[in-house]
Every structure is written in structure tokens, then in C-alpha cells.
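Here the structure comes first, spelled out in C-alpha cells, and everything after it is commentary.
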Amino acid sequence: MNDKLRILLCEDDENLGMLLREFLMAKGYNVDLMTDGDKGYKAFLKGRYDLCVLDVMMPKKDGFTLAQEIRAAGAEVPIIFLTAKNLKEDVLEGFKLGADDYITKPFSMEELVSRISAILRRVRGKKDKEITVYKLGKFTFDTQKQTLTLDGGPAKKLTTKESDLLTLLCQHLNEILERNYALKSIWVDDNYFNARSMDVYITKLRKLLKDDPDIEIINIHGKGYKLIAPAEDE
């Protein structure tokens with residue numbers, strides 16, 4: 001599924017860059033590696049990329065400047081920043097420039113792949129026709145009306161956050177919904193208090209869905225949540 005997806009990887013540490021390139025290619029991605037911001041921008045203008053992974057501290061042109069130029073070119077391609085910096089100001093700067101994610105070194109390559117997969121899945125979902133009604137076992141969930149209906153009975157009105165969170169879970173049905181992605185998508189900030197708030201809403205959704213024993217929202221330790229439900233054609 002990933003063999004046609006192209007990634008522009010800009011990393012000035014050639015050893016790390018080669019390791020990342022080889023690992024991502026082993027996962028089925030096509031990867032072009034550039035070792036400075038100038039080369040990265042020239043490669044971007046010549047090629048069509050599905051995602052950019054940009055090191056912040058690069059010679060000739062840093063990752064933030066490169067991201068600005070990519071956005072100035074009108075490109076909506078997803079961007080992930082890699083950096084040894086972990087100052088809050090740097091993280092905020094990255095997101096202001098339109099970053100989709102931000103990973104602080106050192107990191108595991110599996111984590112990077114997981115972040116890439118989540119972002120590309122979201123982008124593909126946006127390109128597809130938006131689904132407004134989901135069938136979840138005995139339930140029907142209408143995202144526009146923000147209602148949940150059991151077997152054609154009276155509709156229960158959901159709060160906006162309940163509806164937004166259930167929509168994300170439905171978009172990742174029987175897959176892992178990453179905790180940080182959900183927090184950034186709905187609460188914008190993944191701080192402690194928002195994380196606790198999301199836990200409360202997960203509990204609320206479990207109660208709303210408890211009348212169908214085939215539906216379950218489970219915790220995936222260290223990663224996020226998974227909405228388990230039978231496929232619509234089952």
C-alpha cells in the first residue's frame with residue numbers, strides 16, 4: 001500500500017539520514033535523502049512528495065526556513081520536523097509554520113514510521129469523500145447531527161467533543177488511534193490536563209456504546225485507543 005508514497009527526507013547527519021532512508025524504504029516508502037536545506041528545496045520543486053521529514057538544524061537553510069518556502073509555494077504536503085531541540089518555543093514555531101508533527105531526537109525509527117503512517121492515513125481520509133454517517137454494530141452515528149442511535153430508537157445527542165472523538169475513532173475503526181494525534185486534533189495541546197480530559201470522554205463514549213457487547217474501546221498501552229466493532233458487511 002505504501003510503495004507509491006514518496007518521502008522527502010532532509011537530514012544533515014549523513015549516517016542518521018542513511019539509516020532512516022534505508023529503514024523507511026524497507027517499510028515500503030520511496031525516499032529521497034537531502035543533506036541540506038538548499039538541496040531539499042530544489043528536490044521538492046522537482047518532485048512530487050506525499051510527506052516531508054525535515055531536520056530543523058541544517059546547513060545553508062534550516063528546516064523552519066525550508067518549511068516556510070514549501071508552504072509559500074502553495075504546497076499542503078504534510079511536514080514532520082526532526083530536531084535535537086525540545087524547547088517549547090521551538091515546538092510552537094514548528095506548528096505555526098504548519099507542521100503536522102514534531103519529533104525530538106533521539107527517537108526510535110518505529111516511532112517515526114508510526115507517526116508517518118498516522119499522518120498519511122489522515123491525509124488520505126481527507127482526500128476521500130467525507131463520511132458523515134457510520135454504522136457501528138447496532139448503532140448509527142451521524143457526525144453532522146452529532147447523534148448516536150441504537151437500532152432505530154431515539155437519537156442521543158452528543159457533545160461536540162464526544163462527537164469529534166468518536167469520529168476520530170470511527171476513522172481508525174479497528175486500528176490504533178494515537179493518543180497524541182487525538183489530543184492535537186481535538187484539544188490542540190497534548191498537555192496533562194487535556195490528556196485527563198480525553199480519558200473522561202473515552203469513559204463517556206464507552207457508556208454510550210455499552211448496549212452493544214460487540215463494540216469496545218480498548219486502551220493500547222503507551223500508544224492510544226482502538227475502537228473495535230464488526231465491519232458493516234458482517
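Here, A, B, ... name the chains of the C-alpha cells in the order displayed, residue numbers run from 1 inside each chain, and ligands are numbered from 1 in the same displayed order.
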### Message
I'd like the contact shell of Phe107 in chain A - 10 Å cut-off, only C-alpha atoms, skipping same-chain residues fewer than 4 positions apart - returned as a count of residues only.
### Response
6
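Backbone DSSP of range 85-184 of chain A yields strand (DSSP E or B) at Asp101, Tyr102, Ile103, Thr104, Val133, Tyr134, Lys135, Leu136, Phe139, Thr140, Phe141, Asp142, Thr147, Leu148, Thr149, Leu150, Lys156, Lys157, Ile176, Leu177 and Glu178 of chain A.
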For the residues selected in the previous step, produce a file with N, CA and C atoms as an mmCIF file, in the first residue's frame.
data_model
loop_
_atom_site.group_PDB
_atom_site.id
_atom_site.type_symbol
_atom_site.label_atom_id
_atom_site.label_comp_id
_atom_site.auth_asym_id
_atom_site.auth_seq_id
_atom_site.Cartn_x
_atom_site.Cartn_y
_atom_site.Cartn_z
ATOM 1 N N ASP A 101 3.691 17.276 12.655
ATOM 2 C CA ASP A 101 4.220 16.584 13.838
ATOM 3 C C ASP A 101 5.647 17.060 14.085
ATOM 4 N N TYR A 102 6.171 16.721 15.247
ATOM 5 C CA TYR A 102 7.449 17.232 15.708
ATOM 6 C C TYR A 102 8.074 16.162 16.587
ATOM 7 N N ILE A 103 9.208 15.623 16.179
ATOM 8 C CA ILE A 103 9.838 14.534 16.930
ATOM 9 C C ILE A 103 11.215 14.984 17.412
ATOM 10 N N THR A 104 11.442 14.821 18.713
ATOM 11 C CA THR A 104 12.704 15.239 19.317
ATOM 12 C C THR A 104 13.701 14.084 19.341
ATOM 13 N N VAL A 133 -21.976 9.471 8.128
ATOM 14 C CA VAL A 133 -22.747 8.516 8.929
ATOM 15 C C VAL A 133 -21.986 7.197 9.010
ATOM 16 N N TYR A 134 -21.786 6.719 10.221
ATOM 17 C CA TYR A 134 -21.086 5.453 10.447
ATOM 18 C C TYR A 134 -22.048 4.445 11.068
ATOM 19 N N LYS A 135 -21.946 3.199 10.591
ATOM 20 C CA LYS A 135 -22.709 2.103 11.188
ATOM 21 C C LYS A 135 -21.765 1.326 12.083
ATOM 22 N N LEU A 136 -22.052 1.342 13.389
ATOM 23 C CA LEU A 136 -21.225 0.653 14.379
ATOM 24 C C LEU A 136 -22.057 -0.415 15.060
ATOM 25 N N PHE A 139 -25.442 0.386 16.388
ATOM 26 C CA PHE A 139 -25.544 1.843 16.454
ATOM 27 C C PHE A 139 -25.362 2.505 15.091
ATOM 28 N N THR A 140 -25.990 3.667 14.939
ATOM 29 C CA THR A 140 -25.757 4.545 13.810
ATOM 30 C C THR A 140 -25.286 5.878 14.366
ATOM 31 N N PHE A 141 -24.119 6.322 13.885
ATOM 32 C CA PHE A 141 -23.535 7.571 14.363
ATOM 33 C C PHE A 141 -23.541 8.585 13.234
ATOM 34 N N ASP A 142 -24.263 9.690 13.440
ATOM 35 C CA ASP A 142 -24.343 10.774 12.462
ATOM 36 C C ASP A 142 -23.418 11.895 12.922
ATOM 37 N N THR A 147 -25.373 12.739 16.585
ATOM 38 C CA THR A 147 -26.314 11.853 17.266
ATOM 39 C C THR A 147 -25.865 10.398 17.162
ATOM 40 N N LEU A 148 -26.252 9.630 18.182
ATOM 41 C CA LEU A 148 -25.976 8.195 18.229
ATOM 42 C C LEU A 148 -27.304 7.491 18.442
ATOM 43 N N THR A 149 -27.641 6.570 17.518
ATOM 44 C CA THR A 149 -28.944 5.912 17.550
ATOM 45 C C THR A 149 -28.765 4.406 17.656
ATOM 46 N N LEU A 150 -29.502 3.774 18.553
ATOM 47 C CA LEU A 150 -29.435 2.327 18.751
ATOM 48 C C LEU A 150 -30.634 1.659 18.108
ATOM 49 N N LYS A 156 -29.549 9.875 20.619
ATOM 50 C CA LYS A 156 -28.904 10.550 21.749
ATOM 51 C C LYS A 156 -27.997 11.633 21.196
ATOM 52 N N LYS A 157 -28.169 12.839 21.703
ATOM 53 C CA LYS A 157 -27.345 13.958 21.244
ATOM 54 C C LYS A 157 -26.001 13.924 21.961
ATOM 55 N N ILE A 176 -5.357 1.480 15.645
ATOM 56 C CA ILE A 176 -4.964 2.303 16.789
ATOM 57 C C ILE A 176 -5.126 3.783 16.452
ATOM 58 N N LEU A 177 -5.860 4.488 17.311
ATOM 59 C CA LEU A 177 -5.917 5.939 17.239
ATOM 60 C C LEU A 177 -4.846 6.454 18.203
ATOM 61 N N GLU A 178 -3.813 7.085 17.664
ATOM 62 C CA GLU A 178 -2.718 7.540 18.510
ATOM 63 C C GLU A 178 -3.181 8.650 19.447
#
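Shortest atom-to-atom contact with Thr65 in chain A among A:Thr143, A:Gly94, A:Leu165, A:Val123: A:Gly94, counting only C-alpha atoms.
The environment of Met25 in chain A within 12 Å, counting only C-alpha atoms and disregarding residues fewer than 5 places along the same chain, consists of Asn2, Asp3, Lys4, Leu5, Arg6, Ile7, Leu8, Leu9, Met18, Leu19, Leu20, Asn30, Val31, Asp32, Leu33, Met109 and Val113 of chain A.
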#### Entry: Residues near Leu54 in chain A, cut-off 9 Å, only C-alpha atoms, skip fewer than 6 positions along chain, as a PyMOL selection string
chain A and resi 8-11+37+40+62-64+66-67+79-83
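Residue nearest Val188 in chain A within the list A:Leu24, A:Leu169, A:Val77, A:Leu92: A:Leu92 [criterion: smallest interatomic distance, only C-alpha atoms].
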